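Source file start23.cif; content: mmCIF, C-alpha atoms.
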data_data
loop_
_atom_site.label_atom_id
_atom_site.label_comp_id
_atom_site.auth_asym_id
_atom_site.auth_seq_id
_atom_site.Cartn_x
_atom_site.Cartn_y
_atom_site.Cartn_z
CA MET A 1 0.00 0.00 0.00
CA THR A 2 1.42 3.38 -1.03
CA PHE A 3 -0.72 5.59 1.21
CA LYS A 4 1.10 7.59 3.85
CA LEU A 5 -0.54 9.84 6.39
CA PRO A 6 0.40 13.48 5.72
CA LYS A 7 2.85 14.84 8.26
CA PHE A 8 1.72 17.83 10.30
CA THR A 9 4.16 20.71 10.55
CA PRO A 10 3.30 22.92 13.55
CA PRO A 11 3.76 26.69 13.52
CA ASP A 12 7.14 28.06 14.51
CA PHE A 13 6.22 29.73 17.77
CA SER A 14 9.84 30.77 18.35
CA GLN A 15 9.31 33.63 15.88
CA TYR A 16 9.53 37.09 17.41
CA PHE A 17 5.88 37.88 16.65
CA PHE A 18 4.53 34.81 18.47
CA VAL A 19 6.91 35.21 21.40
CA ASN A 20 5.79 38.78 22.00
CA THR A 21 2.05 38.46 21.49
CA PRO A 22 -0.05 38.62 24.67
CA ASP A 23 -1.83 35.71 26.32
CA CYS A 24 -5.38 35.15 25.11
CA LYS A 25 -8.07 37.01 27.02
CA ILE A 26 -10.48 35.11 29.23
CA GLU A 27 -13.91 35.97 30.61
CA GLU A 28 -15.87 33.90 33.12
CA VAL A 29 -19.38 32.70 32.31
CA LEU A 30 -21.90 34.56 34.47
CA LYS A 31 -25.07 32.83 33.30
CA GLU A 32 -25.40 29.20 32.28
CA GLY A 33 -25.51 28.71 28.51
CA VAL A 34 -24.49 32.32 27.75
CA ALA A 35 -21.03 33.32 26.53
CA HIS A 36 -19.38 36.73 26.86
CA LYS A 37 -20.34 39.03 23.99
CA ASP A 38 -16.79 38.91 22.56
CA TYR A 39 -16.58 35.09 22.58
CA HIS A 40 -14.24 33.43 20.09
CA ALA A 41 -16.09 30.91 17.89
CA LEU A 42 -14.02 27.94 16.75
CA SER A 43 -13.52 26.72 13.20
CA ILE A 44 -12.75 23.23 11.87
CA TYR A 45 -9.02 24.07 11.64
CA PRO A 46 -6.28 23.60 14.25
CA GLU A 47 -6.34 26.55 16.63
CA TYR A 48 -3.72 27.55 19.19
CA PHE A 49 -4.22 29.70 22.27
CA LYS A 50 -1.48 31.42 24.26
CA ILE A 51 -1.89 30.58 27.93
CA LYS A 52 0.69 31.77 30.50
CA GLY A 53 3.21 32.30 27.72
CA LYS A 54 2.71 28.89 26.09
CA TRP A 55 0.87 28.18 22.83
CA VAL A 56 -1.64 25.36 23.44
CA ILE A 57 -3.50 23.54 20.66
CA ALA A 58 -7.15 22.59 21.03
CA ASN A 59 -6.98 18.80 20.69
CA GLU A 60 -10.40 18.77 19.07
CA SER A 61 -12.68 21.33 17.52
CA ARG A 62 -16.20 21.91 16.37
CA MET A 63 -17.61 24.72 14.29
CA ASP A 64 -19.45 27.41 16.23
CA SER A 65 -18.34 26.19 19.64
CA VAL A 66 -16.26 27.99 22.24
CA ALA A 67 -12.89 27.27 23.85
CA ILE A 68 -12.60 27.33 27.60
CA VAL A 69 -9.39 27.19 29.64
CA THR A 70 -9.31 24.30 32.10
CA PRO A 71 -7.77 24.46 35.61
CA ASP A 72 -4.63 22.73 34.27
CA ASP A 73 -4.25 25.35 31.51
CA ASP A 74 -5.49 23.09 28.72
CA ILE A 75 -8.27 23.78 26.20
CA ASN A 76 -11.73 22.24 26.34
CA VAL A 77 -14.19 22.73 23.46
CA VAL A 78 -17.78 23.31 24.56
CA GLU A 79 -21.06 24.04 22.81
CA PHE A 80 -22.70 27.27 23.94
CA ARG A 81 -25.62 25.40 25.52
CA ASN A 82 -23.20 23.47 27.77
CA LEU A 83 -21.43 26.48 29.26
CA LYS A 84 -21.49 26.54 33.06
CA VAL A 85 -21.17 29.47 35.45
CA GLY A 86 -17.48 30.01 36.16
CA ASP A 87 -16.19 28.50 32.90
CA LYS A 88 -13.30 30.55 31.57
CA VAL A 89 -14.21 31.35 27.96
CA ILE A 90 -11.59 32.63 25.55
CA VAL A 91 -12.62 35.92 23.95
CA GLY A 92 -11.32 37.75 20.89
CA ARG A 93 -12.22 37.93 17.22
CA THR A 94 -8.81 37.97 15.52
CA GLU A 95 -7.16 34.70 14.48
CA ASP A 96 -3.68 35.90 13.45
CA GLY A 97 -2.05 35.49 16.86
CA SER A 98 -2.22 39.15 17.82
CA GLU A 99 -4.73 38.43 20.62
CA GLY A 100 -3.21 35.11 21.63
CA ILE A 101 -5.46 33.19 19.21
CA TYR A 102 -4.00 31.58 16.12
CA MET A 103 -5.94 29.60 13.50
CA TYR A 104 -3.52 27.48 11.49
CA THR A 105 -4.42 26.20 8.01
CA GLY A 106 -0.96 25.30 6.68
CA GLY A 107 -0.09 22.30 8.80
CA PHE A 108 -0.51 19.76 6.02
CA ALA A 109 1.07 21.76 3.18
CA THR A 110 2.46 19.58 0.40
CA GLU A 111 6.16 19.49 -0.44
CA ASP A 112 5.69 21.89 -3.35
CA GLY A 113 4.49 24.52 -0.89
CA ASP A 114 0.78 24.13 -1.61
CA ALA A 115 -0.86 25.00 1.68
CA ASP A 116 -4.30 24.46 0.22
CA THR A 117 -5.57 22.69 3.34
CA PHE A 118 -5.30 18.94 2.73
CA ALA A 119 -5.02 19.11 -1.07
CA PHE A 120 -8.60 17.98 -1.50
CA ARG A 121 -9.98 19.06 -4.86
CA SER A 122 -13.16 21.04 -5.37
CA GLY A 123 -15.64 21.49 -8.19
CA ARG A 124 -16.55 17.81 -8.53
CA SER A 125 -19.41 16.97 -10.87
CA ARG A 126 -21.11 14.03 -12.55
CA GLU A 127 -18.71 14.46 -15.49
CA THR A 128 -15.72 13.81 -13.23
CA ALA A 129 -13.89 10.49 -13.56
CA PHE A 130 -13.80 8.93 -10.12
CA SER A 131 -11.60 5.85 -10.68
CA LYS A 132 -8.61 7.57 -9.04
CA ASP A 133 -10.81 8.73 -6.18
CA TYR A 134 -11.94 5.16 -5.53
CA ASP A 135 -8.32 3.96 -5.46
CA GLU A 136 -7.41 6.71 -2.97
CA LEU A 137 -10.47 5.88 -0.87
CA TYR A 138 -9.52 2.20 -0.66
CA GLU A 139 -5.99 3.09 0.44
CA VAL A 140 -7.17 5.48 3.15
CA MET A 141 -9.73 2.97 4.47
CA GLN A 142 -7.17 0.19 4.55
CA TYR A 143 -4.76 2.46 6.40
CA GLU A 144 -7.41 3.37 8.98
CA LYS A 145 -8.25 -0.29 9.57
CA GLU A 146 -4.61 -1.28 9.98
CA HIS A 147 -3.77 1.65 12.28
CA ALA A 148 -6.78 1.56 14.62
CA GLY A 149 -8.50 4.50 12.95
CA LYS A 150 -12.19 5.19 13.34
CA ILE A 151 -14.32 5.20 10.17
CA VAL A 152 -17.71 6.78 10.83
CA TRP A 153 -20.49 6.34 8.24
CA VAL A 154 -23.52 8.59 7.72
CA LEU A 155 -26.23 6.64 5.89
CA GLY A 156 -29.32 7.84 4.06
CA PRO A 157 -32.35 5.56 3.55
CA SER A 158 -31.62 4.81 -0.11
CA ILE A 159 -28.80 2.41 0.71
CA ALA A 160 -31.40 0.03 2.22
CA LEU A 161 -33.56 -0.05 -0.91
CA ASP A 162 -31.37 -2.54 -2.74
CA ASP A 163 -30.45 -6.07 -1.60
CA LYS A 164 -26.95 -5.85 -3.04
CA SER A 165 -26.15 -2.53 -1.38
CA ARG A 166 -27.48 -3.79 1.98
CA ALA A 167 -25.30 -6.87 1.68
CA ALA A 168 -22.32 -4.79 0.57
CA PHE A 169 -22.50 -2.50 3.57
CA ALA A 170 -22.99 -5.46 5.90
CA SER A 171 -19.78 -6.97 4.52
CA ILE A 172 -17.96 -3.65 5.08
CA VAL A 173 -19.04 -3.77 8.72
CA GLU A 174 -18.11 -7.44 9.10
CA ASN A 175 -14.64 -6.81 7.68
CA GLY A 176 -13.78 -3.99 10.08
CA TYR A 177 -14.26 -0.93 7.87
CA ALA A 178 -16.92 0.72 10.05
CA GLN A 179 -16.55 1.82 13.67
CA ALA A 180 -19.82 3.75 13.93
CA VAL A 181 -22.97 4.40 11.88
CA LEU A 182 -25.03 7.60 12.09
CA SER A 183 -28.46 7.66 10.48
CA GLY A 184 -32.17 8.15 11.05
CA ASN A 185 -35.32 6.17 11.74
CA THR A 186 -36.17 5.57 8.07
CA LEU A 187 -32.92 3.84 7.10
CA ALA A 188 -33.16 1.54 10.11
CA THR A 189 -36.83 0.72 9.54
CA TYR A 190 -36.31 0.03 5.84
CA ASP A 191 -33.41 -2.27 6.65
CA LEU A 192 -35.32 -4.18 9.32
CA GLU A 193 -38.52 -4.40 7.24
CA LYS A 194 -36.55 -5.90 4.38
CA ALA A 195 -34.96 -8.41 6.74
CA MET A 196 -38.24 -9.39 8.40
CA PHE A 197 -40.88 -9.06 5.69
CA LYS A 198 -38.87 -8.97 2.42
CA THR A 199 -40.52 -5.63 1.56
CA ILE A 200 -39.67 -1.94 1.89
CA SER A 201 -42.63 0.37 2.45
CA GLY A 202 -44.86 -2.51 1.38
CA GLN A 203 -43.08 -3.14 -1.90
CA GLU A 204 -41.02 -6.07 -3.07
CA THR A 205 -38.90 -5.37 -6.16
CA PHE A 206 -41.23 -2.40 -6.76
CA GLU A 207 -44.35 -4.59 -6.82
CA SER A 208 -47.00 -3.94 -4.19
CA HIS A 209 -48.54 -6.79 -2.22
CA GLU A 210 -51.91 -6.73 -0.57
CA ASN A 211 -51.74 -5.23 2.93
CA ALA A 212 -47.93 -5.05 2.69
CA HIS A 213 -48.08 -1.32 3.34
CA TYR A 214 -48.63 -2.31 6.96
CA ASN A 215 -45.13 -3.75 7.14
CA TYR A 216 -43.31 -0.47 7.82
CA ILE A 217 -45.35 0.20 10.96
CA ALA A 218 -45.39 -3.51 11.83
CA THR A 219 -41.57 -3.46 11.84
CA ILE A 220 -41.48 -0.63 14.37
CA ASN A 221 -44.20 -2.33 16.37
CA GLU A 222 -42.23 -5.56 16.59
CA ALA A 223 -39.08 -3.71 17.60
CA ARG A 224 -40.95 -1.87 20.35
CA ARG A 225 -42.49 -5.13 21.50
CA ALA A 226 -38.99 -6.64 21.73
CA GLY A 227 -37.87 -3.65 23.80
CA SER A 228 -34.79 -2.63 21.85
CA LEU A 229 -33.10 -3.11 18.49
CA VAL A 230 -30.54 -5.44 20.05
CA GLU A 231 -33.25 -7.64 21.56
CA LEU A 232 -35.16 -7.68 18.26
CA ILE A 233 -32.07 -8.78 16.33
CA ASN A 234 -31.06 -11.32 18.97
CA SER A 235 -34.53 -12.87 18.76
CA GLY A 236 -33.65 -14.28 15.35
CA VAL A 237 -36.44 -12.65 13.33
CA VAL A 238 -33.97 -10.29 11.59
CA LYS A 239 -32.30 -12.50 8.99
CA ASP A 240 -29.78 -10.11 7.40
CA GLY A 241 -28.95 -6.49 6.74
CA ILE A 242 -27.11 -3.44 8.01
CA LEU A 243 -28.34 -3.27 11.61
CA LYS A 244 -27.86 -7.00 12.14
CA ALA A 245 -24.24 -6.71 10.99
CA CYS A 246 -23.68 -3.70 13.28
CA VAL A 247 -25.14 -5.40 16.36
CA GLU A 248 -23.26 -8.66 15.76
CA ASN A 249 -19.96 -6.80 15.25
CA ASP A 250 -20.38 -4.31 18.13
CA VAL A 251 -20.54 -1.31 15.81
CA PRO A 252 -22.54 1.47 17.54
CA VAL A 253 -25.48 2.94 15.63
CA VAL A 254 -26.85 6.41 16.41
CA LEU A 255 -30.34 7.02 15.03
CA ALA A 256 -31.63 10.61 15.12
CA SER A 257 -35.33 11.26 14.62
CA SER A 258 -36.83 13.77 12.20
CA ILE A 259 -39.75 16.13 12.72
CA ARG A 260 -41.59 14.14 10.04
CA ASP A 261 -41.20 10.77 11.77
CA ARG A 262 -44.67 9.61 12.76
CA TYR A 263 -43.56 6.47 14.62
CA THR A 264 -40.04 5.56 15.59
CA LEU A 265 -38.05 2.50 16.53
CA PRO A 266 -36.79 2.08 20.09
CA ASN A 267 -33.33 3.58 20.64
CA VAL A 268 -34.08 6.46 18.22
CA TYR A 269 -33.22 9.86 19.72
CA ASP A 270 -36.16 12.24 19.54
CA ASN A 271 -34.38 15.18 21.18
CA VAL A 272 -32.10 17.19 18.89
CA TYR A 273 -29.49 17.99 21.54
CA GLU A 274 -29.37 14.38 22.70
CA SER A 275 -28.94 13.36 19.06
CA GLN A 276 -26.04 15.79 18.63
CA ASN A 277 -24.37 14.61 21.82
CA ALA A 278 -24.65 10.97 20.76
CA MET A 279 -23.33 11.71 17.27
CA ARG A 280 -20.46 13.80 18.57
CA LYS A 281 -19.16 10.96 20.72
CA HIS A 282 -18.19 9.36 17.41
CA THR A 283 -17.37 12.35 15.20
CA ARG A 284 -14.97 13.76 17.81
CA ALA A 285 -12.97 10.50 17.62
CA ALA A 286 -13.36 9.97 13.87
CA THR A 287 -10.35 9.72 11.61
CA MET A 288 -12.60 9.32 8.56
CA LEU A 289 -16.21 10.34 7.84
CA ILE A 290 -18.12 8.92 4.85
CA CYS A 291 -21.56 10.38 4.16
CA LEU A 292 -24.02 8.69 1.78
CA SER A 293 -27.13 10.38 0.40
CA SER A 294 -28.46 12.12 3.50
CA VAL A 295 -28.24 15.89 3.20
CA LEU A 296 -29.25 16.97 6.71
CA HIS A 297 -27.39 14.20 8.55
CA THR A 298 -24.36 14.86 6.34
CA ILE A 299 -24.31 18.58 7.13
CA ALA A 300 -24.81 17.90 10.84
CA ALA A 301 -22.08 15.26 11.05
CA GLY A 302 -19.71 17.22 8.81
CA ASN A 303 -20.00 20.39 10.84
CA MET A 304 -19.25 18.58 14.09
CA THR A 305 -16.26 16.74 12.62
CA PRO A 306 -13.00 18.74 12.75
CA SER A 307 -10.55 18.70 9.86
CA TYR A 308 -7.94 17.25 12.21
CA THR A 309 -7.63 15.10 15.27
CA VAL A 310 -4.83 14.45 17.76
CA LYS A 311 -3.83 10.80 18.22
CA ASN A 312 -1.05 9.92 20.67
CA GLY A 313 0.13 13.52 20.61
CA VAL A 314 0.30 13.62 16.79
CA VAL A 315 -1.92 15.95 14.76
CA ARG A 316 -3.35 14.23 11.70
CA PRO A 317 -6.07 15.03 9.13
CA VAL A 318 -9.60 13.66 9.23
CA TYR A 319 -10.75 12.45 5.81
CA ILE A 320 -14.31 13.45 4.95
CA TYR A 321 -16.25 12.14 1.94
CA SER A 322 -19.71 13.08 0.71
CA ILE A 323 -21.42 10.88 -1.89
CA ASP A 324 -24.75 11.58 -3.56
CA ILE A 325 -26.27 11.37 -7.02
CA GLN A 326 -27.05 15.11 -6.94
CA GLU A 327 -24.30 17.72 -7.22
CA PHE A 328 -26.51 20.02 -5.15
CA SER A 329 -26.44 17.61 -2.24
CA VAL A 330 -22.70 16.97 -2.13
CA ASN A 331 -21.98 20.68 -2.39
CA LYS A 332 -24.23 21.55 0.56
CA LEU A 333 -21.64 20.30 3.03
CA SER A 334 -18.90 22.61 1.75
CA ASP A 335 -21.45 25.43 1.50
CA ARG A 336 -22.05 25.03 5.24
CA GLY A 337 -18.37 25.46 6.07
CA THR A 338 -16.87 21.97 6.01
CA LEU A 339 -14.07 22.70 3.57
CA GLU A 340 -12.04 19.49 3.83
CA VAL A 341 -14.47 17.26 1.98
CA LYS A 342 -14.04 15.16 -1.14
CA THR A 343 -17.20 14.60 -3.12
CA LEU A 344 -18.32 11.89 -5.52
CA VAL A 345 -21.44 12.40 -7.60
CA THR A 346 -22.81 8.92 -8.12
CA ASN A 347 -25.55 6.49 -7.17
CA VAL A 348 -24.87 5.44 -3.57
CA GLN A 349 -25.95 1.85 -4.18
CA ASP A 350 -23.34 1.53 -6.93
CA PHE A 351 -20.81 3.33 -4.75
CA ILE A 352 -21.13 1.02 -1.76
CA ILE A 353 -21.04 -2.11 -3.93
CA ASN A 354 -17.85 -0.83 -5.61
CA VAL A 355 -16.28 -0.06 -2.24
CA ALA A 356 -17.08 -3.50 -0.85
CA GLU A 357 -15.68 -5.19 -3.95
CA GLY A 358 -12.57 -2.97 -3.90
CA LEU A 359 -11.80 -3.61 -0.22
CA ILE A 360 -12.86 -7.19 0.29
CA LYS A 361 -11.12 -9.53 -2.12
#

As structure tokens:
Amino acid sequence: MTFKLPKFTPPDFSQYFFVNTPDCKIEEVLKEGVAHKDYHALSIYPEYFKIKGKWVIANESRMDSVAIVTPDDDINVVEFRNLKVGDKVIVGRTEDGSEGIYMYTGGFATEDGDADTFAFRSGRSRETAFSKDYDELYEVMQYEKEHAGKIVWVLGPSIALDDKSRAAFASIVENGYAQAVLSGNTLATYDLEKAMFKTISGQETFESHENAHYNYIATINEARRAGSLVELINSGVVKDGILKACVENDVPVVLASSIRDRYTLPNVYDNVYESQNAMRKHTRAATMLICLSSVLHTIAAGNMTPSYTVKNGVVRPVYIYSIDIQEFSVNKLSDRGTLEVKTLVTNVQDFIINVAEGLIK
């Protein structure tokens, strides 16, 4: 395998400018969930803060969150809603180091001096040839598996509509290329309905069967009767599919409800903040994020996944992919501020089958 993880080159803080800049300013939280009016909002990039004369990197980040200084002079990243009275919030709006805050985008510059973030290309379209992208994807995924990385998948419902794509993703899980799955109620229900009733929304190979439209609700009903998704799958009534593979291989699944969900499976989060907290447990540890045909879940997961992570004291990039058949959909993630994303405009069923075949010989 030719893939090598890009080496991070930290800023040279011995330069006169950095040595002589002041420490970052700090203001204490006076009311729970309310930051000082001059709060510093974080980006997805590595950010350093000067504390007692020392430049300290935030070991994780999340867009539109705040940095607080801990009692041991480290940095903790907190959402505004989780601020507590007495938290020491870093304030300041400049990011050039002059106020003790430095946002650093050149850490993974290529040897030719291209500091264009992580050299991910933009302007992808359905006319783009993706064969090279697939080869690169396989290499990155193999590297993550071999080096205890964490590949987090965001799945839209369409992947469950096809038997081959369901089987392909199940094989990806079984072969160690998924460490977490983030999705919604519909994907999970489709997958379970197909496993239990051989239909999806009452249809089998796009042919309706009498009273089969009851199967979607019946699936949720049976899961609720069992008490949990794990108990339902362990009962033996779920014969195959994505959730079965995840449960049997101890891959956590986070299911976030939608305002349009009329009836949900057990274990589905119906509170938006609880959903975010559950998702972030995995995105904050992710070394790779792959999003398939789910615009809102993709934007949510992408915006809470930093462009870098710190593993064993080493700063490394997080690889983010967005795949959808619509250019509009794959571009929405970068439009919302997640700049380090590679996009593929293709049918997600074909994509996941190709990935399974490329990885699992």

Between A:Ala167, A:Val247, A:Leu83, A:Ile220, which is the closest to Asn234 of chain A once you count only C-alpha atoms?
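Using only C-alpha atoms, the shortest distance to Asn234 of chain A belongs to A:Val247.
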
For a test of reading the model, state the distance in Å between atom CA of Ala178 of chain A and atom CA of Val310 of chain A, rounded to one decimal.
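Distance reported for this atom pair: 19.9 Å.
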
Kindly resolve the PyMOL selection byres ((chain A and resi 107) around 7) on the present coordinates and return the residues as a PyMOL selection string.
chain A and resi 8-10+104-106+108-109

Within 9 Å of (-40.5, 5.5, 15.3), only C-alpha atoms: residues as a PyMOL selection string?
chain A and resi 185-186+189+217+220-221+224+257+261-266+268

For Leu232 of chain A, work out the shell of residues within 12 Å, counting all atoms listed in the file and skipping chain neighbours fewer than 6 positions away, then give it as a VMD selection string.
chain A and resid 192 to 193 195 to 196 219 to 226 238 to 239 243 to 244 247 265 to 267
